[in-house]
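Q: Following this line is coords.txt, made up of compact mmCIF, C-alpha atoms:
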# COMPACT_ATOMS: atom_id res chain seq x y z
CA MET A 1210 224.56 122.41 115.88
CA PRO A 1211 221.92 125.17 116.01
CA PRO A 1212 222.72 127.92 118.56
CA ASP A 1213 219.59 127.20 120.62
CA THR A 1214 220.46 123.51 121.07
CA PRO A 1215 221.30 122.77 124.73
CA SER A 1216 224.90 121.89 125.54
CA LEU A 1217 226.45 119.93 128.38
CA SER A 1218 226.60 121.98 131.58
CA TRP A 1219 228.31 121.50 134.93
CA GLU A 1220 224.89 121.60 136.59
CA ARG A 1221 223.77 118.59 134.54
CA ILE A 1222 226.94 116.72 135.54
CA ALA A 1223 226.43 117.51 139.23
CA ALA A 1224 222.84 116.28 139.01
CA ALA A 1225 224.03 113.10 137.30
CA ARG A 1226 226.44 112.38 140.11
CA GLU A 1227 223.67 112.56 142.68
CA ARG A 1228 221.31 110.51 140.52
CA ILE A 1229 223.68 107.59 139.99
CA ALA A 1230 225.06 107.46 143.52
CA GLY A 1231 224.72 103.87 144.72
CA LYS A 1232 224.07 102.61 141.20
CA VAL A 1233 227.67 102.66 139.99
CA THR A 1234 231.08 101.94 141.50
CA LEU A 1235 233.61 104.49 142.74
CA THR A 1236 236.47 103.01 140.76
CA PRO A 1237 240.09 103.08 141.98
CA VAL A 1238 242.95 105.19 140.68
CA LEU A 1239 246.13 103.12 140.30
CA SER A 1240 249.73 104.11 139.73
CA SER A 1241 252.99 102.27 139.04
CA SER A 1242 256.54 103.42 139.67
CA SER A 1243 257.69 101.14 136.86
CA LEU A 1244 255.35 102.71 134.30
CA ASN A 1245 256.23 106.18 135.59
CA GLU A 1246 259.95 105.54 135.05
CA LEU A 1247 259.38 104.28 131.52
CA CYS A 1248 257.80 107.57 130.38
CA GLY A 1249 259.28 110.06 132.85
CA ALA A 1250 255.88 111.19 134.10
CA GLN A 1251 253.51 110.53 136.99
CA LEU A 1252 250.66 108.41 135.62
CA TYR A 1253 247.33 107.93 137.37
CA PHE A 1254 245.01 105.31 135.89
CA LYS A 1255 241.26 105.76 136.48
CA CYS A 1256 240.19 102.12 136.31
CA GLU A 1257 236.75 102.04 134.75
CA ASN A 1258 237.48 98.42 133.84
CA PHE A 1259 236.34 97.80 137.46
CA GLN A 1260 233.05 99.61 136.86
CA LYS A 1261 229.65 97.89 136.83
CA CYS A 1262 229.32 95.99 133.53
CA GLY A 1263 233.09 96.35 133.15
CA ALA A 1264 233.06 99.82 131.59
CA PHE A 1265 232.37 103.53 132.16
CA LYS A 1266 229.16 103.16 130.16
CA ALA A 1267 227.31 102.19 133.36
CA ARG A 1268 227.53 105.84 134.42
CA GLY A 1269 225.84 107.41 131.41
CA ALA A 1270 223.25 104.67 130.95
CA SER A 1271 222.22 104.77 134.60
CA ASN A 1272 221.87 108.54 134.54
CA ALA A 1273 219.87 108.56 131.31
CA VAL A 1274 217.48 105.79 132.42
CA PHE A 1275 216.80 107.23 135.86
CA ALA A 1276 216.37 110.76 134.46
CA LEU A 1277 213.37 109.62 132.39
CA PRO A 1278 209.88 110.60 133.57
CA ASP A 1279 207.81 107.61 134.72
CA GLU A 1280 205.36 107.84 131.83
CA VAL A 1281 208.24 107.65 129.33
CA ALA A 1282 210.30 105.06 131.17
CA ARG A 1283 207.53 102.50 131.42
CA ARG A 1284 207.57 102.07 127.62
CA GLY A 1285 211.17 100.93 127.84
CA VAL A 1286 214.46 102.02 126.29
CA VAL A 1287 216.19 101.12 123.04
CA THR A 1288 219.73 101.59 121.79
CA HIS A 1289 222.32 100.33 119.34
CA SER A 1290 225.74 99.41 120.65
CA SER A 1291 228.74 97.15 120.03
CA GLY A 1292 228.57 95.98 123.60
CA ASN A 1293 229.47 98.14 126.60
CA HIS A 1294 226.61 100.65 126.32
CA ALA A 1295 224.29 97.78 125.47
CA ALA A 1296 225.10 95.97 128.71
CA ALA A 1297 225.01 99.18 130.71
CA LEU A 1298 221.58 100.17 129.38
CA ALA A 1299 220.25 96.65 129.93
CA ARG A 1300 221.47 96.77 133.52
CA ALA A 1301 220.05 100.24 134.18
CA ALA A 1302 216.68 99.21 132.72
CA ARG A 1303 216.64 96.14 134.91
CA LEU A 1304 217.38 98.29 137.98
CA ARG A 1305 214.41 100.50 137.11
CA GLY A 1306 212.19 97.58 136.16
CA ILE A 1307 211.57 98.57 132.54
CA PRO A 1308 212.13 96.78 129.20
CA ALA A 1309 215.35 97.20 127.22
CA TYR A 1310 215.63 96.58 123.46
CA ILE A 1311 219.19 96.36 122.20
CA VAL A 1312 220.53 96.37 118.64
CA MET A 1313 224.00 94.82 118.34
CA PRO A 1314 226.24 94.32 115.28
CA ASP A 1315 226.50 90.66 114.36
CA ASN A 1316 230.29 90.76 114.76
CA THR A 1317 230.11 91.75 118.46
CA VAL A 1318 232.48 89.68 120.60
CA GLN A 1319 230.85 86.90 122.61
CA VAL A 1320 231.78 88.29 126.02
CA LYS A 1321 229.76 91.45 125.29
CA ARG A 1322 226.78 89.54 123.87
CA ALA A 1323 226.69 87.41 127.01
CA ALA A 1324 226.74 90.46 129.27
CA VAL A 1325 223.65 91.94 127.60
CA SER A 1326 221.82 88.62 127.77
CA ARG A 1327 222.52 88.30 131.50
CA TYR A 1328 220.64 91.50 132.17
CA GLY A 1329 217.56 90.23 130.37
CA ALA A 1330 217.47 92.64 127.42
CA GLU A 1331 215.87 91.71 124.09
CA ILE A 1332 218.67 91.63 121.50
CA THR A 1333 218.34 92.26 117.77
CA TYR A 1334 221.42 91.62 115.61
CA CYS A 1335 222.22 93.57 112.46
CA GLU A 1336 224.97 94.15 109.92
CA PRO A 1337 228.04 95.88 111.43
CA THR A 1338 227.37 99.32 109.94
CA LEU A 1339 226.07 102.47 111.58
CA ALA A 1340 223.26 102.74 109.04
CA ALA A 1341 222.07 99.20 109.79
CA ARG A 1342 222.23 99.83 113.53
CA GLU A 1343 220.21 103.03 113.25
CA ARG A 1344 217.57 101.42 111.02
CA ALA A 1345 217.10 98.51 113.41
CA ALA A 1346 216.87 100.82 116.43
CA GLN A 1347 214.28 102.99 114.68
CA ALA A 1348 212.21 99.91 113.85
CA LEU A 1349 212.22 98.91 117.50
CA GLN A 1350 211.19 102.40 118.57
CA ASP A 1351 208.31 102.30 116.10
CA SER A 1352 207.10 98.86 117.19
CA THR A 1353 207.51 99.22 120.97
CA GLY A 1354 207.19 102.93 121.75
CA ALA A 1355 210.48 102.72 123.66
CA VAL A 1356 212.66 105.82 123.92
CA LEU A 1357 216.10 105.91 122.28
CA VAL A 1358 219.06 106.27 124.63
CA HIS A 1359 221.88 106.97 122.22
CA PRO A 1360 225.28 105.53 123.19
CA TYR A 1361 226.98 108.92 123.19
CA ASP A 1362 224.99 111.68 121.42
CA ASN A 1363 222.81 112.30 124.47
CA LEU A 1364 223.39 114.96 127.13
CA ASP A 1365 222.28 112.78 130.04
CA VAL A 1366 224.59 110.00 128.88
CA MET A 1367 227.46 112.48 128.55
CA ALA A 1368 226.76 113.92 132.00
CA GLY A 1369 226.94 110.46 133.53
CA GLN A 1370 230.21 109.69 131.76
CA ALA A 1371 231.67 112.96 133.06
CA THR A 1372 231.46 111.71 136.65
CA ALA A 1373 234.53 109.51 136.07
CA ALA A 1374 236.66 112.62 135.52
CA VAL A 1375 235.13 114.27 138.58
CA GLU A 1376 236.20 111.32 140.71
CA LEU A 1377 239.66 111.27 139.13
CA LEU A 1378 240.28 114.94 139.93
CA GLU A 1379 238.97 114.52 143.45
CA ALA A 1380 241.50 111.70 143.94
CA VAL A 1381 244.38 113.50 142.18
CA PRO A 1382 243.59 117.25 142.05
CA GLU A 1383 247.11 118.21 140.94
CA LEU A 1384 246.81 116.67 137.47
CA ASP A 1385 248.25 118.62 134.53
CA LEU A 1386 246.70 116.52 131.77
CA ILE A 1387 243.90 113.99 131.25
CA LEU A 1388 244.03 111.47 128.40
CA CYS A 1389 240.73 109.95 127.35
CA PRO A 1390 239.62 107.53 124.61
CA VAL A 1391 237.32 108.92 121.93
CA GLY A 1392 234.92 107.07 119.67
CA GLY A 1393 231.54 108.74 119.56
CA GLY A 1394 232.87 111.39 121.94
CA GLY A 1395 230.52 111.09 124.91
CA LEU A 1396 233.23 110.25 127.43
CA LEU A 1397 235.73 112.77 126.04
CA GLY A 1398 233.13 115.54 125.86
CA GLY A 1399 231.92 114.88 129.40
CA THR A 1400 235.47 114.62 130.70
CA ALA A 1401 236.45 117.91 129.10
CA VAL A 1402 233.52 119.88 130.56
CA ALA A 1403 234.00 118.44 134.05
CA ALA A 1404 237.78 118.81 134.07
CA ARG A 1405 237.81 122.38 132.77
CA LYS A 1406 235.20 123.35 135.38
CA LEU A 1407 237.15 121.84 138.27
CA LYS A 1408 240.59 122.90 137.01
CA PRO A 1409 240.43 125.50 134.22
CA ALA A 1410 244.14 125.24 133.35
CA ILE A 1411 244.12 121.49 132.81
CA ARG A 1412 244.67 120.07 129.31
CA VAL A 1413 242.31 117.37 128.08
CA VAL A 1414 243.49 115.30 125.13
CA GLY A 1415 241.57 112.61 123.30
CA VAL A 1416 243.16 109.48 121.87
CA GLU A 1417 241.71 107.26 119.15
CA PRO A 1418 242.89 104.47 116.84
CA GLU A 1419 244.51 105.39 113.53
CA GLY A 1420 241.91 103.24 111.82
CA ALA A 1421 239.02 105.21 113.30
CA ASP A 1422 240.35 108.76 113.32
CA ASP A 1423 237.22 110.75 112.48
CA ALA A 1424 237.41 112.75 115.73
CA ALA A 1425 240.98 113.88 115.05
CA ARG A 1426 240.04 114.82 111.51
CA SER A 1427 236.94 116.65 112.71
CA LEU A 1428 238.81 118.67 115.33
CA ARG A 1429 241.33 119.78 112.70
CA ALA A 1430 238.61 120.59 110.15
CA GLY A 1431 236.34 122.43 112.58
CA HIS A 1432 233.35 120.33 111.56
CA ILE A 1433 232.31 116.68 111.79
CA VAL A 1434 234.07 114.69 109.08
CA THR A 1435 231.98 111.88 107.64
CA GLY A 1436 232.85 108.96 105.40
CA VAL A 1437 235.44 107.39 107.72
CA LYS A 1438 235.10 103.61 107.73
CA PRO A 1439 236.39 102.39 111.12
CA ASN A 1440 238.92 99.56 110.99
CA THR A 1441 240.49 98.82 114.37
CA ILE A 1442 240.68 96.21 117.10
CA ALA A 1443 239.26 98.84 119.49
CA ASP A 1444 235.62 97.89 118.81
CA GLY A 1445 234.29 100.33 121.40
CA LEU A 1446 235.78 103.25 119.45
CA ARG A 1447 234.27 102.47 116.06
CA GLY A 1448 231.32 104.82 116.59
CA LEU A 1449 231.35 108.03 114.58
CA LEU A 1450 231.62 111.35 116.38
CA GLY A 1451 228.31 112.70 117.73
CA VAL A 1452 226.93 116.22 117.37
CA HIS A 1453 226.58 117.01 121.09
CA PRO A 1454 230.04 115.64 121.97
CA PHE A 1455 231.72 117.55 119.13
CA ALA A 1456 230.16 120.81 120.30
CA VAL A 1457 232.12 120.62 123.56
CA ILE A 1458 235.18 118.81 122.20
CA ARG A 1459 235.97 121.62 119.76
CA THR A 1460 235.81 124.12 122.64
CA HIS A 1461 237.35 122.26 125.59
CA VAL A 1462 239.69 119.60 124.14
CA ALA A 1463 243.27 120.62 123.41
CA ASP A 1464 244.06 117.92 120.85
CA ILE A 1465 243.24 114.41 119.65
CA ASP A 1466 246.10 111.99 119.00
CA THR A 1467 245.98 108.66 117.20
CA VAL A 1468 247.69 105.32 117.84
CA SER A 1469 248.14 102.12 115.85
CA ASP A 1470 246.48 98.81 116.65
CA ALA A 1471 249.94 97.41 117.33
CA ALA A 1472 250.53 100.11 119.97
CA ILE A 1473 247.14 99.41 121.52
CA THR A 1474 247.95 95.71 121.77
CA ASP A 1475 251.34 96.42 123.35
CA ALA A 1476 249.70 98.75 125.87
CA MET A 1477 247.09 96.16 126.85
CA ARG A 1478 249.78 93.58 127.49
CA ARG A 1479 251.94 95.93 129.53
CA LEU A 1480 248.99 96.99 131.70
CA TRP A 1481 248.26 93.32 132.33
CA GLU A 1482 251.90 92.52 133.14
CA VAL A 1483 252.62 95.55 135.32
CA LEU A 1484 249.32 96.72 136.83
CA LYS A 1485 247.87 93.18 136.78
CA ILE A 1486 244.59 94.37 135.28
CA VAL A 1487 242.59 93.38 132.21
CA VAL A 1488 241.90 96.33 129.89
CA GLU A 1489 240.09 96.04 126.57
CA PRO A 1490 241.57 97.64 123.43
CA SER A 1491 239.41 100.77 123.69
CA GLY A 1492 240.46 101.31 127.30
CA ALA A 1493 244.16 100.87 126.56
CA VAL A 1494 244.25 103.62 123.93
CA PRO A 1495 245.31 106.46 126.32
CA TYR A 1496 248.24 104.48 127.68
CA ALA A 1497 249.16 103.40 124.16
CA ALA A 1498 249.68 107.07 123.29
CA VAL A 1499 252.04 107.49 126.24
CA ALA A 1500 253.95 104.25 125.74
CA ALA A 1501 254.36 104.80 121.99
CA GLY A 1502 255.53 108.39 122.46
CA ALA A 1503 252.59 109.85 120.54
CA LEU A 1504 252.58 112.87 122.85
CA GLU A 1505 255.04 114.48 125.25
CA VAL A 1506 254.26 113.82 128.91
CA ARG A 1507 257.69 113.97 130.54
CA GLY A 1508 257.58 115.75 133.89
CA ARG A 1509 253.77 115.96 133.93
CA ARG A 1510 251.08 114.50 136.17
CA VAL A 1511 248.83 112.62 133.80
CA GLY A 1512 245.42 111.07 134.40
CA LEU A 1513 244.44 108.26 132.03
CA ILE A 1514 240.90 106.94 131.82
CA LEU A 1515 240.97 103.18 131.24
CA SER A 1516 237.45 103.03 129.91
CA GLY A 1517 236.71 99.30 130.12
CA GLY A 1518 237.87 95.73 130.61
CA ASN A 1519 235.47 93.59 128.60
CA LEU A 1520 238.01 91.49 126.78
CA ASP A 1521 237.49 88.11 125.13
CA LEU A 1522 240.07 86.02 126.98
CA ASP A 1523 239.88 83.33 124.30
CA ALA A 1524 241.06 85.80 121.65
CA LEU A 1525 243.78 87.92 123.23
CA PRO A 1526 245.06 90.36 120.60
CA TRP A 1527 248.74 89.67 121.26
CA MET A 1528 248.02 86.03 120.36
CA GLN A 1529 246.62 87.13 116.98
CA PRO A 1530 248.35 88.65 113.95
CA VAL A 1531 248.18 92.45 114.21
CA ARG A 1532 248.46 94.76 111.20
CA HIS A 1533 251.17 97.34 111.53
CA ALA A 1534 250.41 100.67 109.88
Could you quickly redo this structure as structure tokens?

A:
Amino acid sequence: MPPDTPSLSWERIAAARERIAGKVTLTPVLSSSSLNELCGAQLYFKCENFQKCGAFKARGASNAVFALPDEVARRGVVTHSSGNHAAALARAARLRGIPAYIVMPDNTVQVKRAAVSRYGAEITYCEPTLAARERAAQALQDSTGAVLVHPYDNLDVMAGQATAAVELLEAVPELDLILCPVGGGGLLGGTAVAARKLKPAIRVVGVEPEGADDAARSLRAGHIVTGVKPNTIADGLRGLLGVHPFAVIRTHVADIDTVSDAAITDAMRRLWEVLKIVVEPSGAVPYAAVAAGALEVRGRRVGLILSGGNLDLDALPWMQPVRHA
């Protein structure tokens, strides 16, 4: 990224929090003595599965939409998304009274398609590749004049996502470590900037599926690694790492661990059985890392961001064959 390109700042995050107040939910932080005993740590789950639209994406989309000048906003907004950002942007546009044009892969699960439709967005389906998504979004921009609100490579989106970590540290200021899912990197990047500002000594670690490990590869390489073809049940983490997120991840994130689809499925089921909450595959990734022993947490106070709960209840992953790496 060129040196004069703006980066995510604490001031932008603070402004986002004020801007989205009343437009998103202050989600709870849950804990479980049973889950604590299993891993020997104190776990604190930031439950963004209870957020508007069922995912943290409501934060970034709301901030980005309401940050737009009136003359830009009235033309509408466009994005490409596998589901959660799509619904969040559609909702934010509806709140502001502007059009929303959404490009979705044609393999998007039905529960996420239905959510976007409920908010009145115009949906265009495309092949499930990043190139196809970007082409379709560009065509909509050209034909409508709408402004692109990227799912993660957007500073206002990242600033909105960062507010989840702010709330988590206000609820549990003594945390030693925060675990966060990473796909395109908007949530992880925002989390890292906010957490390191509020508690400089804290460690922030990203977690992603083994079948979509471009962020882990990129952090090790020191540059964005391309050519990774995502293959995971965690559909919300199939996006490739963005430029703006990577700029802060390489500075503020201690490490990125990976977990198997089998571990993700086991984590989802355990969260349902013990915490009694529905968490989608992408949201279960941080706990999967803890439960599978992918990183050492014993004796630590660990915050885990459960990023969403938009799960197709007619196709629960533990009822389906899962590939073991």

Q: Give me the residues near A:Ala1476 as a PyMOL selection string, where near means some atom within 9 Å (using all atoms listed in the file) and where sequence neighbours in that chain fewer than 5 positions away do not count.

A: chain A and resi 1471+1481+1490+1493-1498+1500-1501

Q: Put those residues in a file: C-alpha atoms, as an mmCIF file, keeping the file's coordinate frame.

A:
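See out-v1.cif below for the written result:
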data_model
loop_
_atom_site.group_PDB
_atom_site.id
_atom_site.type_symbol
_atom_site.label_atom_id
_atom_site.label_comp_id
_atom_site.auth_asym_id
_atom_site.auth_seq_id
_atom_site.Cartn_x
_atom_site.Cartn_y
_atom_site.Cartn_z
ATOM 1 C CA ALA A 1471 249.940 97.410 117.330
ATOM 2 C CA TRP A 1481 248.260 93.320 132.330
ATOM 3 C CA PRO A 1490 241.570 97.640 123.430
ATOM 4 C CA ALA A 1493 244.160 100.870 126.560
ATOM 5 C CA VAL A 1494 244.250 103.620 123.930
ATOM 6 C CA PRO A 1495 245.310 106.460 126.320
ATOM 7 C CA TYR A 1496 248.240 104.480 127.680
ATOM 8 C CA ALA A 1497 249.160 103.400 124.160
ATOM 9 C CA ALA A 1498 249.680 107.070 123.290
ATOM 10 C CA ALA A 1500 253.950 104.250 125.740
ATOM 11 C CA ALA A 1501 254.360 104.800 121.990
#

Q: For A:Lys1438, work out the shell of residues within 9 Å, counting only C-alpha atoms and skipping chain neighbours fewer than 6 positions away, then give it as a list in words.

A: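 Everything that qualifies: Gly1420, Ala1421, Asp1423, Arg1447 and Leu1449 of chain A.
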
Q: If you take only C-alpha atoms and a cut-off of 9 Å, which residues of stretch 1322-1398 of chain A touch stretch 1256-1275 of chain A, and what are their nearest atom pairs and distances in Å to one decimal, in chain and number order, as JSON lines?

A:
{"residue": "A:Ala1324", "atom": "CA", "partner": "A:Cys1262", "partner_atom": "CA", "distance": 7.4}
{"residue": "A:Val1358", "atom": "CA", "partner": "A:Ala1273", "partner_atom": "CA", "distance": 7.1}
{"residue": "A:Pro1360", "atom": "CA", "partner": "A:Ala1270", "partner_atom": "CA", "distance": 8.1}
{"residue": "A:Tyr1361", "atom": "CA", "partner": "A:Gly1269", "partner_atom": "CA", "distance": 8.4}
{"residue": "A:Asn1363", "atom": "CA", "partner": "A:Ala1273", "partner_atom": "CA", "distance": 8.3}
{"residue": "A:Leu1364", "atom": "CA", "partner": "A:Ala1273", "partner_atom": "CA", "distance": 8.4}
{"residue": "A:Asp1365", "atom": "CA", "partner": "A:Ala1273", "partner_atom": "CA", "distance": 5.0}
{"residue": "A:Val1366", "atom": "CA", "partner": "A:Gly1269", "partner_atom": "CA", "distance": 3.8}
{"residue": "A:Met1367", "atom": "CA", "partner": "A:Gly1269", "partner_atom": "CA", "distance": 6.0}
{"residue": "A:Ala1368", "atom": "CA", "partner": "A:Gly1269", "partner_atom": "CA", "distance": 6.6}
{"residue": "A:Gly1369", "atom": "CA", "partner": "A:Gly1269", "partner_atom": "CA", "distance": 3.9}
{"residue": "A:Gln1370", "atom": "CA", "partner": "A:Gly1269", "partner_atom": "CA", "distance": 4.9}
{"residue": "A:Ala1371", "atom": "CA", "partner": "A:Gly1269", "partner_atom": "CA", "distance": 8.2}
{"residue": "A:Thr1372", "atom": "CA", "partner": "A:Arg1268", "partner_atom": "CA", "distance": 7.4}
{"residue": "A:Ala1373", "atom": "CA", "partner": "A:Phe1265", "partner_atom": "CA", "distance": 7.5}
{"residue": "A:Gly1395", "atom": "CA", "partner": "A:Gly1269", "partner_atom": "CA", "distance": 8.8}
{"residue": "A:Leu1396", "atom": "CA", "partner": "A:Phe1265", "partner_atom": "CA", "distance": 8.3}

Q: Could you save the residues just selected, with C-alpha atoms, as a compact mmCIF listing (two decimals), in the frame of the given file?

A:
# COMPACT_ATOMS: atom_id res chain seq x y z
CA ALA A 1324 226.74 90.46 129.27
CA VAL A 1358 219.06 106.27 124.63
CA PRO A 1360 225.28 105.53 123.19
CA TYR A 1361 226.98 108.92 123.19
CA ASN A 1363 222.81 112.30 124.47
CA LEU A 1364 223.39 114.96 127.13
CA ASP A 1365 222.28 112.78 130.04
CA VAL A 1366 224.59 110.00 128.88
CA MET A 1367 227.46 112.48 128.55
CA ALA A 1368 226.76 113.92 132.00
CA GLY A 1369 226.94 110.46 133.53
CA GLN A 1370 230.21 109.69 131.76
CA ALA A 1371 231.67 112.96 133.06
CA THR A 1372 231.46 111.71 136.65
CA ALA A 1373 234.53 109.51 136.07
CA GLY A 1395 230.52 111.09 124.91
CA LEU A 1396 233.23 110.25 127.43

Q: Extract, using all atoms listed in the file, all DNA, RNA and protein residues at most 8 Å from A:Ala1404, discarding same-chain residues fewer than 5 positions from it, and format them as a PDB file with C-alpha atoms, in the coordinates of the input.

A:
ATOM      1  CA  ALA A1374     236.660 112.620 135.520  1.00  0.00           C
ATOM      2  CA  VAL A1375     235.130 114.270 138.580  1.00  0.00           C
ATOM      3  CA  LEU A1378     240.280 114.940 139.930  1.00  0.00           C
ATOM      4  CA  PRO A1409     240.430 125.500 134.220  1.00  0.00           C
ATOM      5  CA  ILE A1411     244.120 121.490 132.810  1.00  0.00           C
ATOM      6  CA  VAL A1413     242.310 117.370 128.080  1.00  0.00           C
TER       7      VAL A1413
END

Q: Identify, on the basis of all atoms listed in the file, every residue whose closest approach to A:Asp1385 does not exceed 7 Å; exclude the query and any residue fewer than 6 positions from it along the same chain; express the result as a PyMOL selection string.

A: chain A and resi 1411-1412+1509-1511

Q: Do you have the atom CA of A:Ala1456-atom CA of A:His1432 distance handy?

A: 9.3 Å

Q: With all atoms listed in the file counted and 12 Å as the cut-off, give the residues of stretch 1254-1282 of chain A in contact with stretch 1351-1355 of chain A, each with its shortest interatomic distance in Å and the pair that gives it, as CSV.

A:
residue,atom,partner,partner_atom,distance
A:Val1274,CA,A:Ala1355,CA,11.6
A:Leu1277,CA,A:Ala1355,CA,11.5
A:Glu1280,CA,A:Ala1355,CA,10.9
A:Val1281,CA,A:Ala1355,CA,7.8
A:Ala1282,CA,A:Ala1355,CA,7.9
